[in-house]
file upload-v7.txt (compact mmCIF, C-alpha atoms)
# COMPACT_ATOMS: atom_id res chain seq x y z
CA MET O 823 100.89 150.05 198.77
CA THR O 824 104.48 151.31 198.68
CA PHE O 825 107.37 149.48 200.33
CA ASP O 826 107.64 152.26 202.92
CA SER O 827 103.94 151.87 203.68
CA VAL O 828 104.38 148.13 204.19
CA LYS O 829 107.30 148.77 206.53
CA LYS O 830 105.25 151.34 208.43
CA VAL O 831 102.28 148.98 208.89
CA ALA O 832 104.58 146.16 210.03
CA ALA O 833 106.38 148.46 212.46
CA GLU O 834 103.14 149.82 213.89
CA PHE O 835 101.82 146.29 214.39
CA ALA O 836 104.96 145.28 216.28
CA LEU O 837 104.83 148.51 218.24
CA ASP O 838 101.20 147.96 219.23
CA ARG O 839 102.16 144.56 220.61
CA ALA O 840 105.05 146.07 222.58
CA ILE O 841 102.84 148.84 223.97
CA ASN O 842 100.25 146.26 224.97
CA TYR O 843 102.86 144.26 226.85
CA ILE O 844 104.13 147.31 228.69
CA THR O 845 100.74 148.58 229.78
CA LYS O 846 99.79 145.16 231.12
CA ASP O 847 102.95 144.73 233.16
CA PRO O 848 105.34 147.72 232.87
CA GLU O 849 108.02 146.40 235.18
CA ARG O 850 108.26 143.08 233.39
CA ASN O 851 107.75 144.08 229.78
CA LEU O 852 109.44 147.47 229.38
CA PHE O 853 112.40 145.91 227.63
CA GLU O 854 110.08 144.49 224.98
CA LEU O 855 109.66 148.02 223.67
CA LEU O 856 113.31 148.98 224.10
CA ASN O 857 114.44 145.86 222.27
CA PHE O 858 112.03 146.72 219.46
CA MET O 859 113.38 150.28 219.25
CA GLU O 860 116.96 149.02 219.14
CA LYS O 861 116.11 146.51 216.44
CA VAL O 862 114.37 148.94 214.06
CA ALA O 863 116.78 151.85 214.54
CA ILE O 864 118.67 152.40 211.30
CA ASP O 865 121.28 154.83 212.51
CA PRO O 866 124.07 153.31 214.67
CA GLY O 867 123.87 156.36 216.93
CA HIS O 868 120.20 155.65 217.60
CA LYS O 869 120.99 152.03 218.43
CA ASP O 870 123.63 153.20 220.88
CA ALA O 871 121.16 155.66 222.42
CA VAL O 872 118.54 152.96 222.97
CA LYS O 873 121.16 150.67 224.48
CA ALA O 874 122.18 153.50 226.82
CA VAL O 875 118.55 153.86 227.92
CA LYS O 876 118.32 150.12 228.54
CA ASP O 877 121.49 150.24 230.63
CA HIS O 878 120.12 153.23 232.53
CA PHE O 879 116.94 151.32 233.39
CA LYS O 880 118.92 148.30 234.52
CA ASP O 881 121.18 150.43 236.72
CA ASN O 882 118.36 152.54 238.18
CA PRO O 883 115.51 150.52 239.71
CA LEU O 884 113.73 153.73 240.75
CA ILE O 885 113.09 154.57 237.10
CA MET O 886 110.37 151.92 237.13
CA GLU O 887 108.23 154.24 239.23
CA GLN O 888 108.13 156.65 236.31
CA THR O 889 107.63 153.86 233.79
CA LYS O 890 104.49 152.67 235.57
CA ARG O 891 103.11 156.21 235.50
CA ILE O 892 103.82 156.61 231.79
CA ALA O 893 102.27 153.24 231.01
CA SER O 894 99.01 154.34 232.60
CA ASN O 895 98.11 156.16 229.37
CA PRO O 896 98.46 153.60 226.54
CA LYS O 897 97.14 156.00 223.89
CA MET O 898 99.70 158.68 224.62
CA LEU O 899 102.52 156.18 224.97
CA SER O 900 101.56 154.64 221.64
CA ASN O 901 101.32 158.03 219.89
CA LEU O 902 104.63 159.28 221.21
CA VAL O 903 106.60 156.16 220.45
CA ASN O 904 104.91 155.71 217.07
CA SER O 905 105.88 159.24 216.06
CA TRP O 906 109.42 158.99 217.41
CA VAL O 907 110.25 155.39 216.52
CA VAL O 908 108.18 154.41 213.48
CA ASN O 909 107.90 157.80 211.79
CA GLY O 910 110.89 159.71 213.11
CA THR O 911 113.48 156.93 213.32
CA PHE O 912 112.37 153.89 211.35
CA LEU O 913 111.22 155.79 208.25
CA GLY O 914 112.18 159.41 208.91
CA LYS O 915 115.93 158.91 209.27
CA THR O 916 116.26 157.43 205.79
CA LYS O 917 114.16 160.23 204.33
CA ARG O 918 116.12 162.96 206.12
CA ASP O 919 119.45 161.52 205.02
CA LYS O 920 118.31 161.27 201.39
CA ILE O 921 117.10 164.88 201.30
CA SER O 922 120.25 166.07 203.10
CA ARG O 923 122.37 164.59 200.33
CA GLU O 924 120.17 166.25 197.71
CA ILE O 925 120.25 169.78 199.18
CA GLY O 926 123.72 169.75 200.69
CA VAL O 927 122.71 170.63 204.28
CA SER O 928 121.41 168.70 207.25
CA VAL O 929 117.71 168.04 207.68
CA PRO O 930 117.05 168.47 211.42
CA GLN O 931 115.37 165.91 213.63
CA LEU O 932 113.00 168.47 215.14
CA LEU O 933 111.68 171.98 214.63
CA LEU O 934 111.09 174.61 217.30
CA ILE O 935 108.18 176.80 216.18
CA ASP O 936 106.62 179.89 217.78
CA PRO O 937 103.00 180.05 216.58
CA THR O 938 102.61 183.37 218.43
CA SER O 939 104.78 185.95 220.16
CA ALA O 940 101.93 187.01 222.46
CA CYS O 941 102.23 186.19 226.15
CA ASN O 942 100.08 186.79 229.22
CA LEU O 943 103.15 187.22 231.49
CA ARG O 944 106.12 189.55 231.48
CA CYS O 945 108.97 187.52 232.95
CA GLU O 946 112.20 189.22 233.89
CA GLY O 947 115.00 188.37 231.47
CA CYS O 948 112.74 186.46 229.05
CA TRP O 949 114.75 185.27 226.05
CA ALA O 950 111.79 186.08 223.75
CA GLY O 951 110.85 189.31 225.50
CA GLU O 952 111.92 191.68 222.71
CA TYR O 953 110.12 190.03 219.80
CA SER O 954 107.16 192.04 218.52
CA LYS O 955 104.11 190.99 220.55
CA THR O 956 101.82 191.21 217.51
CA ASP O 957 103.52 188.48 215.47
CA GLN O 958 101.35 185.43 214.92
CA MET O 959 101.30 182.63 212.38
CA GLU O 960 98.16 182.01 210.42
CA PRO O 961 96.98 178.45 211.15
CA GLU O 962 97.43 177.67 207.46
CA LEU O 963 101.12 178.65 207.64
CA PHE O 964 101.64 176.78 210.90
CA SER O 965 100.08 173.62 209.49
CA ARG O 966 101.94 174.01 206.19
CA ILE O 967 105.29 174.02 208.00
CA ILE O 968 104.37 170.83 209.86
CA ASN O 969 103.26 169.11 206.65
CA GLU O 970 106.50 170.06 204.92
CA ALA O 971 108.44 168.83 207.93
CA LYS O 972 106.77 165.41 207.70
CA GLU O 973 107.54 165.25 203.99
CA MET O 974 111.20 165.64 204.97
CA GLY O 975 111.06 163.00 207.73
CA ILE O 976 110.60 165.38 210.70
CA TYR O 977 107.85 164.30 213.10
CA TRP O 978 108.92 166.00 216.33
CA ILE O 979 107.62 169.55 216.67
CA VAL O 980 108.49 171.67 219.70
CA LEU O 981 106.43 174.79 220.39
CA SER O 982 107.34 177.99 222.17
CA GLY O 983 106.55 181.68 221.95
CA GLY O 984 105.34 183.91 223.45
CA GLU O 985 103.01 181.63 225.31
CA PRO O 986 101.70 178.92 222.97
CA PHE O 987 98.41 178.61 224.87
CA CYS O 988 97.71 182.25 223.95
CA TYR O 989 97.45 181.00 220.35
CA PRO O 990 93.75 180.28 219.72
CA HIS O 991 94.38 177.60 217.07
CA LEU O 992 96.99 175.61 219.00
CA LEU O 993 95.09 172.41 219.80
CA ASP O 994 93.18 172.44 216.52
CA VAL O 995 96.44 172.42 214.55
CA VAL O 996 97.85 169.68 216.80
CA ALA O 997 94.68 167.66 216.18
CA ASP O 998 95.24 167.94 212.42
CA HIS O 999 98.59 166.14 212.77
CA PRO O 1000 98.03 162.97 214.84
CA ASP O 1001 101.10 161.35 213.23
CA SER O 1002 103.42 163.98 214.77
CA VAL O 1003 104.45 164.41 218.38
CA PHE O 1004 104.43 167.85 219.98
CA MET O 1005 106.11 169.27 223.04
CA VAL O 1006 105.17 172.74 224.22
CA TYR O 1007 107.11 175.10 226.49
CA THR O 1008 104.48 176.85 228.60
CA ASN O 1009 104.18 179.12 231.62
CA GLY O 1010 101.33 176.84 232.70
CA THR O 1011 98.85 179.54 233.70
CA LEU O 1012 96.26 179.05 230.94
CA ILE O 1013 95.53 175.32 231.21
CA ASP O 1014 92.05 174.78 232.63
CA GLU O 1015 89.99 171.59 232.91
CA LYS O 1016 88.58 171.92 229.40
CA THR O 1017 92.06 172.34 227.91
CA ALA O 1018 93.39 169.44 229.99
CA ASP O 1019 90.55 167.22 228.74
CA ARG O 1020 91.37 168.11 225.13
CA MET O 1021 95.06 167.39 225.63
CA ALA O 1022 94.26 164.01 227.13
CA GLU O 1023 92.02 163.24 224.18
CA LEU O 1024 94.65 164.26 221.60
CA ALA O 1025 97.39 162.35 223.46
CA ASN O 1026 100.23 163.65 221.26
CA LEU O 1027 101.11 166.91 223.07
CA SER O 1028 103.30 167.10 226.17
CA PRO O 1029 103.78 170.39 228.06
CA ALA O 1030 107.06 171.38 229.69
CA PHE O 1031 106.25 173.82 232.50
CA SER O 1032 108.61 176.74 233.07
CA LEU O 1033 109.80 177.03 236.67
CA GLU O 1034 112.60 178.85 238.47
CA GLY O 1035 112.49 176.63 241.54
CA TRP O 1036 110.09 176.94 244.46
CA ARG O 1037 107.31 179.53 244.78
CA GLU O 1038 109.52 182.45 245.84
CA ASN O 1039 111.91 182.24 242.89
CA THR O 1040 109.23 181.37 240.34
CA ASP O 1041 106.88 184.17 241.38
CA ALA O 1042 109.73 186.67 241.64
CA ARG O 1043 110.53 186.19 237.96
CA ARG O 1044 107.09 185.34 236.58
CA GLY O 1045 104.59 187.16 238.79
CA THR O 1046 102.76 186.54 242.06
CA GLY O 1047 100.58 183.43 241.99
CA THR O 1048 102.31 181.84 238.98
CA PHE O 1049 103.77 178.91 240.92
CA ASP O 1050 100.36 177.90 242.27
CA LYS O 1051 98.81 178.11 238.80
CA ILE O 1052 101.57 175.91 237.39
CA THR O 1053 101.15 173.24 240.04
CA ARG O 1054 97.39 173.29 239.52
CA SER O 1055 97.90 172.67 235.79
CA MET O 1056 100.32 169.86 236.60
CA ASP O 1057 97.69 168.23 238.79
CA LEU O 1058 95.01 168.51 236.11
CA LEU O 1059 97.20 166.81 233.52
CA ARG O 1060 98.63 164.17 235.83
CA GLU O 1061 95.10 163.14 236.76
CA ARG O 1062 94.34 162.67 233.05
CA GLY O 1063 97.50 160.70 232.26
CA VAL O 1064 99.13 163.39 230.10
CA PHE O 1065 102.93 163.19 230.06
CA ILE O 1066 104.39 166.39 231.50
CA GLY O 1067 107.85 167.90 231.85
CA ALA O 1068 109.58 170.86 233.44
CA SER O 1069 111.73 173.54 231.84
CA VAL O 1070 114.09 175.39 234.16
CA THR O 1071 116.39 178.35 233.59
CA SER O 1072 119.62 177.69 235.46
CA MET O 1073 120.90 180.97 236.87
CA ARG O 1074 123.52 182.10 239.32
CA ASN O 1075 120.96 182.50 242.09
CA ASN O 1076 118.89 179.31 241.72
CA ILE O 1077 120.87 176.28 240.54
CA GLU O 1078 121.30 174.73 243.97
CA GLU O 1079 117.55 174.95 244.47
CA LEU O 1080 116.68 173.60 241.02
CA PHE O 1081 118.86 170.54 241.42
CA SER O 1082 118.27 169.86 245.08
CA ASP O 1083 116.87 166.47 246.07
CA ASP O 1084 113.76 168.14 247.49
CA PHE O 1085 112.88 170.06 244.34
CA VAL O 1086 113.53 167.15 241.97
CA ASP O 1087 111.48 164.87 244.23
CA PHE O 1088 108.69 167.46 244.15
CA LEU O 1089 108.69 167.40 240.33
CA VAL O 1090 108.59 163.60 240.26
CA GLY O 1091 105.69 163.64 242.69
CA LYS O 1092 103.81 166.01 240.40
CA GLY O 1093 104.17 163.55 237.53
CA VAL O 1094 107.06 165.21 235.72
CA THR O 1095 108.85 162.66 233.52
CA TYR O 1096 111.54 164.92 232.01
CA MET O 1097 113.37 168.11 233.00
CA TRP O 1098 115.08 170.42 230.50
CA SER O 1099 117.78 172.70 231.91
CA PHE O 1100 118.56 175.89 229.99
CA HIS O 1101 121.49 178.03 231.07
CA TYR O 1102 120.55 181.69 231.29
CA ILE O 1103 121.63 183.45 228.07
CA PRO O 1104 121.78 187.29 228.01
CA ILE O 1105 119.36 187.80 225.12
CA GLY O 1106 115.85 189.23 224.97
CA ARG O 1107 114.36 191.41 227.70
CA ASN O 1108 116.91 193.32 229.82
CA PRO O 1109 119.95 191.07 229.30
CA ASN O 1110 121.81 190.69 232.60
CA VAL O 1111 125.17 188.93 232.56
CA GLU O 1112 125.10 188.80 236.37
CA LEU O 1113 122.49 186.04 236.07
CA MET O 1114 124.83 183.81 234.06
CA LEU O 1115 126.45 180.80 235.68
CA THR O 1116 130.05 181.14 236.76
CA PRO O 1117 132.49 178.49 235.44
CA GLU O 1118 132.54 176.82 238.85
CA GLN O 1119 128.74 176.73 239.04
CA ARG O 1120 128.55 175.24 235.56
CA ALA O 1121 131.09 172.57 236.54
CA TRP O 1122 129.11 171.86 239.73
CA MET O 1123 125.94 171.44 237.69
CA PHE O 1124 127.70 169.09 235.28
CA LYS O 1125 128.60 166.80 238.18
CA ARG O 1126 125.35 167.24 240.11
CA ILE O 1127 123.04 166.34 237.23
CA ARG O 1128 124.98 163.16 236.56
CA LYS O 1129 124.41 162.15 240.15
CA LEU O 1130 120.71 162.95 239.91
CA ARG O 1131 120.36 160.86 236.78
CA LYS O 1132 121.51 157.83 238.71
CA ALA O 1133 119.32 158.53 241.74
CA LYS O 1134 116.01 159.95 240.48
CA PRO O 1135 113.28 158.52 238.22
CA ILE O 1136 113.32 161.47 235.82
CA LEU O 1137 115.11 162.26 232.58
CA ILE O 1138 117.27 165.39 232.98
CA ALA O 1139 118.83 167.11 229.96
CA ASP O 1140 121.47 169.79 230.53
CA PHE O 1141 121.77 171.16 227.01
CA TRP O 1142 125.01 173.14 227.19
CA ASN O 1143 126.77 170.61 229.41
CA ASP O 1144 125.61 167.60 227.38
CA GLY O 1145 127.64 168.50 224.32
CA GLU O 1146 129.60 165.26 224.53
CA VAL O 1147 126.36 163.33 224.07
CA THR O 1148 125.16 165.39 221.10
CA GLY O 1149 128.54 165.86 219.43
CA GLY O 1150 128.53 169.61 220.01
CA CYS O 1151 125.96 172.29 219.21
CA ILE O 1152 122.73 170.91 217.77
CA ALA O 1153 121.53 174.22 216.27
CA GLY O 1154 121.74 175.79 212.82
CA GLY O 1155 119.70 172.99 211.27
CA ARG O 1156 122.19 170.30 212.30
CA LYS O 1157 119.62 168.68 214.59
CA TYR O 1158 117.14 171.51 215.12
CA CYS O 1159 116.34 175.12 214.26
CA HIS O 1160 113.92 177.83 215.39
CA ILE O 1161 111.14 179.48 213.39
CA ASN O 1162 109.74 182.49 215.21
CA ALA O 1163 106.21 183.87 214.95
CA ALA O 1164 107.27 186.35 212.26
CA GLY O 1165 108.51 183.45 210.15
CA ASP O 1166 112.20 184.27 210.61
CA VAL O 1167 114.31 181.12 210.52
CA GLU O 1168 116.90 181.32 213.30
CA PRO O 1169 119.71 178.86 214.17
CA CYS O 1170 118.31 178.34 217.68
CA ALA O 1171 116.02 179.88 220.28
CA PHE O 1172 118.82 182.10 221.60
CA VAL O 1173 120.54 183.22 218.38
CA HIS O 1174 118.23 185.97 217.20
CA PHE O 1175 119.64 186.46 213.72
CA ALA O 1176 118.17 185.24 210.45
CA ALA O 1177 119.08 185.12 206.80
CA ASP O 1178 115.71 183.85 205.56
CA ASN O 1179 111.97 183.77 206.25
CA ILE O 1180 109.57 180.87 205.69
CA ARG O 1181 106.45 182.85 204.83
CA ASN O 1182 107.13 182.86 201.10
CA LYS O 1183 109.45 179.88 200.88
CA SER O 1184 109.32 176.17 201.60
CA LEU O 1185 110.97 174.54 204.59
CA LYS O 1186 113.38 172.79 202.26
CA GLU O 1187 114.43 176.14 200.79
CA VAL O 1188 114.95 177.98 204.07
CA LEU O 1189 117.04 175.16 205.52
CA GLN O 1190 119.58 176.00 202.83
CA ASN O 1191 120.06 179.59 204.03
CA PRO O 1192 123.67 180.81 204.30
CA LEU O 1193 123.67 181.14 208.10
CA PHE O 1194 122.75 177.47 208.55
CA LYS O 1195 125.39 176.45 206.01
CA ALA O 1196 127.95 178.45 207.98
CA TYR O 1197 126.84 176.82 211.23
CA GLN O 1198 127.25 173.34 209.83
CA ARG O 1199 130.58 174.19 208.21
CA GLU O 1200 132.04 175.69 211.41
CA GLN O 1201 130.88 173.01 213.83
CA PRO O 1202 132.16 171.94 216.27
CA PHE O 1203 132.84 175.40 217.60
CA ASN O 1204 135.30 173.96 220.12
CA LYS O 1205 137.10 170.63 220.06
CA ASN O 1206 135.98 170.15 223.65
CA HIS O 1207 132.26 169.38 223.41
CA LEU O 1208 131.75 170.59 226.98
CA ALA O 1209 131.95 174.04 225.35
CA PRO O 1210 129.59 173.58 222.38
CA CYS O 1211 127.73 176.90 222.13
CA PRO O 1212 128.69 179.73 219.75
CA ILE O 1213 126.95 182.29 221.98
CA ILE O 1214 128.58 181.64 225.35
CA ASP O 1215 131.44 179.27 224.49
CA ALA O 1216 132.74 180.53 221.12
CA PRO O 1217 131.36 184.08 220.61
CA ALA O 1218 133.98 184.91 217.99
CA ALA O 1219 132.55 182.15 215.80
CA LEU O 1220 129.05 183.62 216.05
CA ARG O 1221 130.30 187.10 215.06
CA LYS O 1222 132.12 185.63 212.09
CA MET O 1223 129.10 183.68 210.82
CA VAL O 1224 126.64 186.54 211.19
CA LYS O 1225 128.98 188.97 209.44
CA GLU O 1226 129.85 186.63 206.57
CA CYS O 1227 126.21 185.76 205.91
CA GLY O 1228 124.78 189.24 206.31
CA ALA O 1229 122.24 187.82 208.76
CA CYS O 1230 119.97 190.41 210.35
CA PRO O 1231 118.88 190.70 214.00
CA THR O 1232 115.27 189.59 214.43
CA HIS O 1233 114.49 192.18 217.10
CA ARG O 1234 115.95 195.33 218.55
CA GLY O 1235 118.90 194.68 220.86
CA ALA O 1236 119.77 191.20 219.55
CA GLU O 1237 123.14 192.53 218.39
CA GLN O 1238 124.25 193.00 222.01
CA VAL O 1239 125.71 189.49 222.00
CA LEU O 1240 128.00 190.58 219.16
CA GLU O 1241 129.27 193.95 220.37
CA GLY O 1242 129.38 196.13 223.47
CA GLU O 1243 129.46 195.25 227.16
CA VAL O 1244 127.52 191.98 226.88
CA ALA O 1245 129.79 190.76 224.08
CA ASP O 1246 132.90 191.72 226.03
CA TYR O 1247 131.65 189.75 229.04
CA LEU O 1248 130.94 186.70 226.86
CA ASP O 1249 134.49 186.78 225.53
CA ILE O 1250 135.91 186.69 229.05
CA LEU O 1251 133.45 184.08 230.34
CA SER O 1252 133.98 181.77 227.37
CA ARG O 1253 137.75 181.74 227.91
CA GLN O 1254 137.28 181.01 231.60
CA TRP O 1255 134.84 178.19 230.93
CA LEU O 1256 136.97 176.57 228.24
CA GLU O 1257 139.85 176.42 230.68
CA ARG O 1258 137.61 174.85 233.33
CA ALA O 1259 136.04 172.50 230.78
CA GLU O 1260 139.45 171.12 229.87
CA GLU O 1261 140.06 170.33 233.53
CA LEU O 1262 136.59 168.82 233.87
CA LYS O 1263 137.11 166.54 230.92
CA GLU O 1264 140.13 165.09 232.67
CA GLU O 1265 138.32 164.78 236.01
CA ILE O 1266 135.25 162.84 234.89
CA PRO O 1267 134.96 160.14 232.21
CA ILE O 1268 132.36 161.45 229.81
CA SER O 1269 130.86 157.95 229.54
CA GLU O 1270 129.37 158.53 232.99
CA GLY O 1271 127.07 161.10 231.44
CA VAL O 1272 126.39 159.27 228.19
CA SER O 1273 124.85 156.21 229.84
CA ALA O 1274 122.28 158.45 231.50
CA ARG O 1275 120.95 159.77 228.24
call {"tool": "encode", "arguments": {"input": "upload-v7.txt", "output": "structure tokens"}}
result
Amino acid sequence: MTFDSVKKVAAEFALDRAINYITKDPERNLFELLNFMEKVAIDPGHKDAVKAVKDHFKDNPLIMEQTKRIASNPKMLSNLVNSWVVNGTFLGKTKRDKISREIGVSVPQLLLIDPTSACNLRCEGCWAGEYSKTDQMEPELFSRIINEAKEMGIYWIVLSGGEPFCYPHLLDVVADHPDSVFMVYTNGTLIDEKTADRMAELANLSPAFSLEGWRENTDARRGTGTFDKITRSMDLLRERGVFIGASVTSMRNNIEELFSDDFVDFLVGKGVTYMWSFHYIPIGRNPNVELMLTPEQRAWMFKRIRKLRKAKPILIADFWNDGEVTGGCIAGGRKYCHINAAGDVEPCAFVHFAADNIRNKSLKEVLQNPLFKAYQREQPFNKNHLAPCPIIDAPAALRKMVKECGACPTHRGAEQVLEGEVADYLDILSRQWLERAEELKEEIPISEGVSAR
């Protein structure tokens, strides 16, 4: 048995004990697990993150409501924490750092993979709406990418599309990798009782349901009846103890609804444990800059989410506004990257340009592509991490990188963020936001947001 194997067995044994304590008495023994995570974390940043979570729990008694719900499924809790802590942090961090030094680029903490571009809905403004609808990964390719990821210390796989539940091999591939943890962005309309039973049995896949707010806004963008189908799927999975999340697109016409007390309370009541907020980006189907947040709306959301984090038993991530927590943009292989259903390796879900394809290369090889190297060389794209994104906060940087690397658009129309009316609008909006972000940084100590993550 190798030294790493011994460490893994010892860590899993300690983890099993911590999980057992939590499930017996969540309110009393939660910190047993958090203390364990803090102790085994190798990276100082990870230790700080665990400490921040501990402080958040201490400062927010309501979070215990969510903890009790999570602890009701010991198998899923054990699988998720084992993959994140033992594999991803305890052993994976050392492996990723070693390979990063060897190849000269970062090895990300997670991969976003589209197994298929097919979808049963046609949502207005979909970021993936212009990919070819016939692209689909063979299950052998999909599984090969996951295996190569684990060899590099990556155990967190996020799935998107298209609609991942349109992919017939989805749960079979997930079942082949019980040592990895999966999160899937889904429109929630294809999860029936049989699928919910399988997900509960696997206990290593968590769905994040896409919503635009209440029924009227969700159905307006996604189709009549979608909201009711989503809530039905939520109920099926909550009843089976599957951890679920929500994924919301923050737009000019819905942010007050999305982050209202009533809507967040509704999500918590449905069993949602985490909420990912994506700012609308004018890419994909029918880009519309009028849906983008204004600088004042973005500043309002920055403040509002920090208040919600202190008041509600739910984890809320605001990706663009949380740049201070992540040290800027996480894309381009720095912490994550996107592999679409055609195999094109893109910096992120919203930058639809690629300089390499994984179908005939290894994951290690494609991570060394020139666009990712440029991303990592140019970051941070702004000194103020409240403006981390090269699409909407530093568009000149994105143009420069794409041009220098000769990266190609991965679908028709992707180049609109680089030239034309959309690009012109992004230039103006980015300048306006950077000015507001400088003011915001002076108004609010960033530590207020860090402790909530």
call {"tool": "residues_near_point", "arguments": {"input": "upload-v7.txt", "point": "(137.6, 173.0, 222.0)", "cutoff": "10 Å", "atoms": "all atoms listed in the file", "output": "PyMOL selection string"}}
result
chain O and resi 1150+1202-1210+1215-1216+1256-1257+1259-1260
call {"tool": "atom_distance", "arguments": {"input": "upload-v7.txt", "atom1": "atom CA of Asp1166 of chain O", "atom2": "atom CA of Pro1192 of chain O"}}
result
13.5 Å
call {"tool": "closest_residue", "arguments": {"input": "upload-v7.txt", "among": "O:Gln1201, O:Ser1184, O:Ser928, O:Thr1011", "to": "Leu1058 of chain O", "atoms": "all atoms listed in the file"}}
result
O:Thr1011
call {"tool": "closest_residue", "arguments": {"input": "upload-v7.txt", "among": "O:Leu1012, O:Ala1245, O:Val872, O:Ala1163", "to": "Lys955 of chain O", "atoms": "all atoms listed in the file"}}
result
O:Ala1163
call {"tool": "closest_residue", "arguments": {"input": "upload-v7.txt", "among": "O:Ile1077, O:Leu1089, O:Met1021, O:Ile1103", "to": "Trp1122 of chain O", "atoms": "only C-alpha atoms"}}
result
O:Ile1077
call {"tool": "closest_residue", "arguments": {"input": "upload-v7.txt", "among": "O:Ala940, O:Ile1105, O:Ile1013, O:Ala1030", "to": "Val1070 of chain O", "atoms": "all atoms listed in the file"}}
result
O:Ala1030
call {"tool": "closest_residue", "arguments": {"input": "upload-v7.txt", "among": "O:Ile1136, O:Met1223, O:Ala1229, O:Ala1018", "to": "Gln1198 of chain O", "atoms": "all atoms listed in the file"}}
result
O:Met1223
call {"tool": "closest_residue", "arguments": {"input": "upload-v7.txt", "among": "O:Leu856, O:Ile967, O:Met959, O:Val1006", "to": "His991 of chain O", "atoms": "all atoms listed in the file"}}
result
O:Met959
call {"tool": "residues_around", "arguments": {"input": "upload-v7.txt", "residues": "Ser1252 of chain O", "least_positions_apart": "6", "cutoff": "10 Å", "atoms": "all atoms listed in the file", "output": "PyMOL selection string"}}
result
chain O and resi 1117+1209+1211-1218+1258
